[in-house]
Amino acid sequence: MKPWSVRLAASILFLGFLPLGGEAAGGLLAQVSLGPPRTQAVISAPEDVPARRPILLDASQSRIVGLNPQYVWFVRGMDEPISRTVDAIYTPDRPGTYLFRLVVQTTVDGNLQQDQTVHEVKVYQRKVVLITDQSVDPARVEAQIAAVSGSLLPGSGLAAGLYVKTLSAPFPASSADRFMQYLGEHIGTLQGADAIILWTKDPAGSLPALQQALRRANRSLLVRGRSIVLVTGGSLKTLAETARAPFVVLQPDRVVLLHPDALGALLQSPDVPSFLEGAGQRDIDVEVVDASTHPVPPWRPLSLLVHTMLVRGIAGQTVLLLLMLPVIATILSFLKQVIGVVTYGLFVPSIIALSFLALGWWVGVLFLLFIVLAGSVSRFLVRRLHILFIPKMAIIITLVSMLVLVLLAINVAFGIVASRDTVFVLLIMSTLSESFLSAKAEQGWASASTGIAQTGGAALLCVFIVQWSWFQTLILAYPELLLLTILANFLVGRYTGLRLSEYVRFRAVLQQRAEE
């Protein structure tokens, strides 16, 4: 609710270009109370509509205090009211920005009280929704719109009836859950859009996020028969492979893939089909996934399996984690056998790497440190219990799980709600405290700390490699590439020389032998 002083200032400001007209209106303004208004005018109306479609303006949600409420509706550019009832209907005849004003008058203790409000409606011939994330420079987006609309205000392009509505997520699309939630909160914006453009650093992840948001809101019909455009700086053919499954699920008219430089040409075209017709003449690189696109061939069984899983509703993030596990295991195999990095086996760093990949590396590091610390504190608390080792470790894991629950409760108190997948990852990480405590009991603090540091460092290196969006897109598009990890591990397994760390460790001995 706006302060009464702001609303009074707005009332005075609008007198200059929205004349009330009529004797009743003049008397109404003459008796405005200078005290805080108790009646609040509220307009319920759409934010954008197609041209020549009636706009329904509703004032029934206004707060009325007093008797004999009267409603007066105005539209900028017209002297006479368009309605004097609780609602109004106005049909715009051409595209543009229409500003509607509602004046509500009541009688309180014999005195007239008045409040007013305004509502802006975009009227368009063609609507395009442009969705970006934190990775896309807003100035670059505004420049693309300005080239078409002549306006540097994002979301206000109305040249030639074009309305570009921009949605900019304040975080990267790689944060799948947050990006999906953001799209769900703005899902109504897609209503009436001729094209939905996704321009993010991770287009292969943003399209499944849109798919999940539409499914959860039960609004999949918003994209049926529409065009979805993916803007990417990477390989269009590779990204087109990942767009097959979302196309089958969402059933848009087409999925168009293009580079950022071609976005201006798309916006300047009357519609997407016209853009595609002229793309060849302009030498614009573009890929299209539609009903004529050939299905995944049977001689690519892994691609067919991934495609089927995505079509059947398996989350893309889950499939991606499964595909990344062989790559992570191969990297760790190389680090252990060739470099000589000491880790707690292969399973523990693999799980930690997957946890970092799901949570974000810095959040994962914080949780890992917390879990190790919680395990040490728990061991200190139960060390005086004269029971066998295995039951004692079960008690420690129980205490660690409870401490993780307390940490999640603290996050909720600060408005950070963890998803179900995040909680599952944390539960897996809580079991890793056993490895650290076992190493501490057998080797001491120094050796155990070195082991956990090298394990965490190896996991971080794996995450920094596999989290590259182009790499994830490549694996999603061609999962058969994972078969190369078998060859890589075979070659690593054939290596019988010294590890690089051993060359450093035994450099004095090696130097002495070389001198002899």
# chains A, B, ... in the order shown; residues from 1 in each chain; ligands from 1
$ select_by_dssp --residues "range 149-291 of chain A" --states "strand (DSSP E)" --output "VMD selection string"
chain A and resid 162 to 168 195 to 199 227 to 231 254 to 258 286 to 289
$ residues_around --residues "range 501-505 of chain A" --least-positions-apart "2" --cutoff "7 Å" --atoms "only C-alpha atoms" --output "list of chain:residue names"
A:Ile339, A:Gly340, A:Leu498, A:Arg499, A:Arg507
$ residues_around --residues "Gly233 in chain A" --least-positions-apart "2" --cutoff "12 Å" --atoms "only C-alpha atoms" --output "PyMOL selection string"
chain A and resi 136+199-204+230-231+235-239+257-263+285-286+469-470
$ closest_atom_pairs --of "range 162-185 of chain A" --to "range 208-220 of chain A" --cutoff "7 Å" --atoms "only C-alpha atoms" --output "CSV"
residue,atom,partner,partner_atom,distance
A:Ala176,CA,A:Ala209,CA,6.4
A:Phe179,CA,A:Ala209,CA,6.8
A:Met180,CA,A:Ala209,CA,4.9
A:Gln181,CA,A:Ala213,CA,6.9
A:Leu183,CA,A:Ala213,CA,6.2
A:Gly184,CA,A:Ala213,CA,5.0
$ closest_residue --among "A:Gly456, A:Val118, A:Leu403, A:Gly451" --to "Trp362 in chain A" --atoms "only C-alpha atoms"
A:Gly456
$ select_by_dssp --residues "range 244-441 of chain A" --states "alpha helix (DSSP H)" --output "PyMOL selection string"
chain A and resi 244-250+263-268+272-279+301-311+316-334+347-359+361-382+389-413+420-430+433-441
$ atom_distance --atom1 "CA of Arg140 in chain A" --atom2 "CA of Ser168 in chain A"
12.4 Å
$ residues_around --residues "range 270-279 of chain A" --least-positions-apart "3" --cutoff "10 Å" --atoms "only C-alpha atoms" --output "PDB file with C-alpha atoms, in the first residue's frame"
ATOM      1  CA  GLN A 125       0.365  -7.081 -32.293  1.00  0.00           C
ATOM      2  CA  ARG A 126       3.089  -9.572 -31.452  1.00  0.00           C
ATOM      3  CA  LYS A 127       4.454 -10.548 -28.035  1.00  0.00           C
ATOM      4  CA  VAL A 128       7.856 -12.086 -27.346  1.00  0.00           C
ATOM      5  CA  ALA A 160       5.465  -1.920 -35.103  1.00  0.00           C
ATOM      6  CA  GLY A 161       3.267  -3.628 -32.530  1.00  0.00           C
ATOM      7  CA  LEU A 162       6.104  -5.724 -31.045  1.00  0.00           C
ATOM      8  CA  ASP A 194       4.341 -15.727 -30.083  1.00  0.00           C
ATOM      9  CA  ALA A 195       7.853 -16.837 -29.143  1.00  0.00           C
ATOM     10  CA  ARG A 226       4.324 -21.600 -30.074  1.00  0.00           C
ATOM     11  CA  SER A 227       8.007 -21.226 -30.904  1.00  0.00           C
ATOM     12  CA  ILE A 228      10.740 -21.736 -28.326  1.00  0.00           C
ATOM     13  CA  VAL A 229      14.059 -20.102 -29.171  1.00  0.00           C
ATOM     14  CA  ARG A 254       9.249 -25.716 -33.129  1.00  0.00           C
ATOM     15  CA  VAL A 256      14.799 -22.754 -32.886  1.00  0.00           C
ATOM     16  CA  ALA A 262      20.896 -13.383 -34.919  1.00  0.00           C
ATOM     17  CA  ALA A 265      16.921 -10.376 -37.011  1.00  0.00           C
ATOM     18  CA  LEU A 266      14.427 -12.633 -35.238  1.00  0.00           C
ATOM     19  CA  LEU A 267      12.818  -9.709 -33.436  1.00  0.00           C
ATOM     20  CA  ARG A 282      21.020 -13.729 -44.825  1.00  0.00           C
ATOM     21  CA  ASP A 283      23.533 -16.519 -44.159  1.00  0.00           C
ATOM     22  CA  ILE A 284      22.298 -16.855 -40.574  1.00  0.00           C
ATOM     23  CA  ASP A 285      23.323 -20.050 -38.814  1.00  0.00           C
ATOM     24  CA  VAL A 286      20.204 -21.638 -37.322  1.00  0.00           C
ATOM     25  CA  GLU A 287      18.995 -25.103 -36.282  1.00  0.00           C
ATOM     26  CA  VAL A 288      15.354 -26.179 -35.965  1.00  0.00           C
TER      27      VAL A 288
END
$ closest_atom_pairs --of "range 225-316 of chain A" --to "range 475-480 of chain A" --cutoff "12 Å" --atoms "only C-alpha atoms" --output "CSV"
residue,atom,partner,partner_atom,distance
A:Ser235,CA,A:Ala477,CA,10.9
A:Leu236,CA,A:Ala477,CA,11.1
A:Lys237,CA,A:Ala477,CA,9.1
A:Thr238,CA,A:Ala477,CA,5.9
A:Leu239,CA,A:Ala477,CA,6.9
A:Ala240,CA,A:Ala477,CA,8.0
A:Glu241,CA,A:Ala477,CA,5.0
A:Thr242,CA,A:Ala477,CA,5.1
A:Ala243,CA,A:Ala477,CA,8.8
A:Arg244,CA,A:Ala477,CA,9.4
A:Ala245,CA,A:Ala477,CA,10.6
A:Val296,CA,A:Ala477,CA,10.5
A:Pro297,CA,A:Tyr478,CA,12.0
A:Trp299,CA,A:Glu480,CA,10.4
A:Arg300,CA,A:Glu480,CA,7.2
A:Pro301,CA,A:Glu480,CA,8.0
A:Leu302,CA,A:Pro479,CA,5.9
A:Ser303,CA,A:Pro479,CA,5.8
A:Leu304,CA,A:Pro479,CA,9.5
A:Leu305,CA,A:Pro479,CA,9.4
A:Val306,CA,A:Leu476,CA,7.8
A:His307,CA,A:Leu476,CA,9.2
A:Met309,CA,A:Leu476,CA,11.8
A:Leu310,CA,A:Leu476,CA,10.6
A:Gly316,CA,A:Leu476,CA,9.1
$ write_last_selection --atoms "N, CA and C atoms" --output "PDB file, in the first residue's frame"
ATOM      1  N   SER A 235      27.827 -24.786 -29.948  1.00  0.00           N
ATOM      2  CA  SER A 235      27.449 -25.514 -31.150  1.00  0.00           C
ATOM      3  C   SER A 235      25.935 -25.694 -31.213  1.00  0.00           C
ATOM      4  N   LEU A 236      25.340 -25.259 -32.316  1.00  0.00           N
ATOM      5  CA  LEU A 236      23.896 -25.373 -32.471  1.00  0.00           C
ATOM      6  C   LEU A 236      23.478 -26.828 -32.678  1.00  0.00           C
ATOM      7  N   LYS A 237      24.269 -27.577 -33.423  1.00  0.00           N
ATOM      8  CA  LYS A 237      23.921 -28.977 -33.689  1.00  0.00           C
ATOM      9  C   LYS A 237      23.941 -29.799 -32.404  1.00  0.00           C
ATOM     10  N   THR A 238      24.925 -29.539 -31.542  1.00  0.00           N
ATOM     11  CA  THR A 238      25.010 -30.278 -30.281  1.00  0.00           C
ATOM     12  C   THR A 238      23.827 -29.942 -29.387  1.00  0.00           C
ATOM     13  N   LEU A 239      23.505 -28.650 -29.298  1.00  0.00           N
ATOM     14  CA  LEU A 239      22.378 -28.247 -28.460  1.00  0.00           C
ATOM     15  C   LEU A 239      21.058 -28.768 -29.013  1.00  0.00           C
ATOM     16  N   ALA A 240      20.970 -28.861 -30.336  1.00  0.00           N
ATOM     17  CA  ALA A 240      19.736 -29.377 -30.942  1.00  0.00           C
ATOM     18  C   ALA A 240      19.470 -30.810 -30.506  1.00  0.00           C
ATOM     19  N   GLU A 241      20.532 -31.586 -30.284  1.00  0.00           N
ATOM     20  CA  GLU A 241      20.360 -32.959 -29.825  1.00  0.00           C
ATOM     21  C   GLU A 241      19.703 -33.000 -28.452  1.00  0.00           C
ATOM     22  N   THR A 242      20.057 -32.054 -27.586  1.00  0.00           N
ATOM     23  CA  THR A 242      19.489 -32.034 -26.232  1.00  0.00           C
ATOM     24  C   THR A 242      18.066 -31.484 -26.204  1.00  0.00           C
ATOM     25  N   ALA A 243      17.641 -30.828 -27.299  1.00  0.00           N
ATOM     26  CA  ALA A 243      16.305 -30.231 -27.341  1.00  0.00           C
ATOM     27  C   ALA A 243      15.241 -31.202 -27.831  1.00  0.00           C
ATOM     28  N   ARG A 244      15.643 -32.409 -28.240  1.00  0.00           N
ATOM     29  CA  ARG A 244      14.670 -33.368 -28.766  1.00  0.00           C
ATOM     30  C   ARG A 244      13.636 -33.760 -27.718  1.00  0.00           C
ATOM     31  N   ALA A 245      14.119 -34.152 -26.526  1.00  0.00           N
ATOM     32  CA  ALA A 245      13.200 -34.631 -25.488  1.00  0.00           C
ATOM     33  C   ALA A 245      12.255 -33.530 -25.005  1.00  0.00           C
ATOM     34  N   VAL A 296      15.840 -40.191 -32.673  1.00  0.00           N
ATOM     35  CA  VAL A 296      17.151 -40.730 -32.319  1.00  0.00           C
ATOM     36  C   VAL A 296      17.318 -42.098 -32.964  1.00  0.00           C
ATOM     37  N   PRO A 297      18.386 -42.304 -33.714  1.00  0.00           N
ATOM     38  CA  PRO A 297      18.552 -43.595 -34.414  1.00  0.00           C
ATOM     39  C   PRO A 297      18.810 -44.728 -33.423  1.00  0.00           C
ATOM     40  N   TRP A 299      20.901 -47.115 -33.583  1.00  0.00           N
ATOM     41  CA  TRP A 299      22.303 -47.477 -33.420  1.00  0.00           C
ATOM     42  C   TRP A 299      23.024 -46.573 -32.426  1.00  0.00           C
ATOM     43  N   ARG A 300      22.290 -45.669 -31.776  1.00  0.00           N
ATOM     44  CA  ARG A 300      22.833 -44.871 -30.659  1.00  0.00           C
ATOM     45  C   ARG A 300      22.032 -45.208 -29.403  1.00  0.00           C
ATOM     46  N   PRO A 301      22.270 -46.376 -28.806  1.00  0.00           N
ATOM     47  CA  PRO A 301      21.414 -46.848 -27.709  1.00  0.00           C
ATOM     48  C   PRO A 301      21.446 -45.957 -26.475  1.00  0.00           C
ATOM     49  N   LEU A 302      22.621 -45.417 -26.130  1.00  0.00           N
ATOM     50  CA  LEU A 302      22.686 -44.556 -24.949  1.00  0.00           C
ATOM     51  C   LEU A 302      21.896 -43.270 -25.168  1.00  0.00           C
ATOM     52  N   SER A 303      21.998 -42.683 -26.353  1.00  0.00           N
ATOM     53  CA  SER A 303      21.218 -41.484 -26.664  1.00  0.00           C
ATOM     54  C   SER A 303      19.723 -41.787 -26.605  1.00  0.00           C
ATOM     55  N   LEU A 304      19.342 -42.944 -27.130  1.00  0.00           N
ATOM     56  CA  LEU A 304      17.937 -43.342 -27.092  1.00  0.00           C
ATOM     57  C   LEU A 304      17.474 -43.544 -25.655  1.00  0.00           C
ATOM     58  N   LEU A 305      18.329 -44.108 -24.814  1.00  0.00           N
ATOM     59  CA  LEU A 305      17.984 -44.316 -23.405  1.00  0.00           C
ATOM     60  C   LEU A 305      17.811 -42.987 -22.682  1.00  0.00           C
ATOM     61  N   VAL A 306      18.756 -42.065 -22.885  1.00  0.00           N
ATOM     62  CA  VAL A 306      18.661 -40.748 -22.251  1.00  0.00           C
ATOM     63  C   VAL A 306      17.420 -40.012 -22.734  1.00  0.00           C
ATOM     64  N   HIS A 307      17.163 -40.058 -24.032  1.00  0.00           N
ATOM     65  CA  HIS A 307      15.972 -39.409 -24.596  1.00  0.00           C
ATOM     66  C   HIS A 307      14.698 -39.969 -23.971  1.00  0.00           C
ATOM     67  N   MET A 309      14.354 -41.444 -21.022  1.00  0.00           N
ATOM     68  CA  MET A 309      14.275 -41.050 -19.617  1.00  0.00           C
ATOM     69  C   MET A 309      13.758 -39.621 -19.472  1.00  0.00           C
ATOM     70  N   LEU A 310      14.268 -38.720 -20.313  1.00  0.00           N
ATOM     71  CA  LEU A 310      13.832 -37.324 -20.234  1.00  0.00           C
ATOM     72  C   LEU A 310      12.376 -37.177 -20.643  1.00  0.00           C
ATOM     73  N   GLY A 316      16.264 -33.661 -15.749  1.00  0.00           N
ATOM     74  CA  GLY A 316      17.502 -33.564 -16.503  1.00  0.00           C
ATOM     75  C   GLY A 316      18.725 -33.511 -15.610  1.00  0.00           C
TER      76      GLY A 316
END
$ residues_around --residues "range 481-496 of chain A" --least-positions-apart "5" --cutoff "8 Å" --atoms "only C-alpha atoms" --output "PyMOL selection string"
chain A and resi 323+326-327+330+333-334+337-338+475
$ write_last_selection --atoms "C-alpha atoms" --output "PDB file, in the first residue's frame"
ATOM      1  CA  LEU A 323      26.276 -39.307 -16.907  1.00  0.00           C
ATOM      2  CA  PRO A 326      31.931 -42.196 -15.201  1.00  0.00           C
ATOM      3  CA  VAL A 327      33.787 -38.995 -16.114  1.00  0.00           C
ATOM      4  CA  THR A 330      38.010 -41.555 -14.756  1.00  0.00           C
ATOM      5  CA  SER A 333      41.575 -42.781 -11.538  1.00  0.00           C
ATOM      6  CA  PHE A 334      44.112 -40.647 -13.412  1.00  0.00           C
ATOM      7  CA  GLN A 337      47.379 -43.746 -10.514  1.00  0.00           C
ATOM      8  CA  VAL A 338      49.398 -41.207 -12.504  1.00  0.00           C
ATOM      9  CA  ILE A 475      27.591 -35.432 -22.939  1.00  0.00           C
TER      10      ILE A 475
END
$ residues_around --residues "Pro50 in chain A" --least-positions-apart "5" --cutoff "12 Å" --atoms "only C-alpha atoms" --output "list of chain:residue names"
A:Ile55, A:Thr91, A:Pro92, A:Asp93, A:Arg94, A:Pro95, A:Gly96, A:Thr97, A:Val121, A:Lys122, A:Val123, A:Tyr124, A:Gln125, A:Arg126, A:Lys127, A:Val128, A:Leu158, A:Gly161, A:Leu162, A:Tyr163, A:Gln191, A:Gly192, A:Ala193, A:Asp194
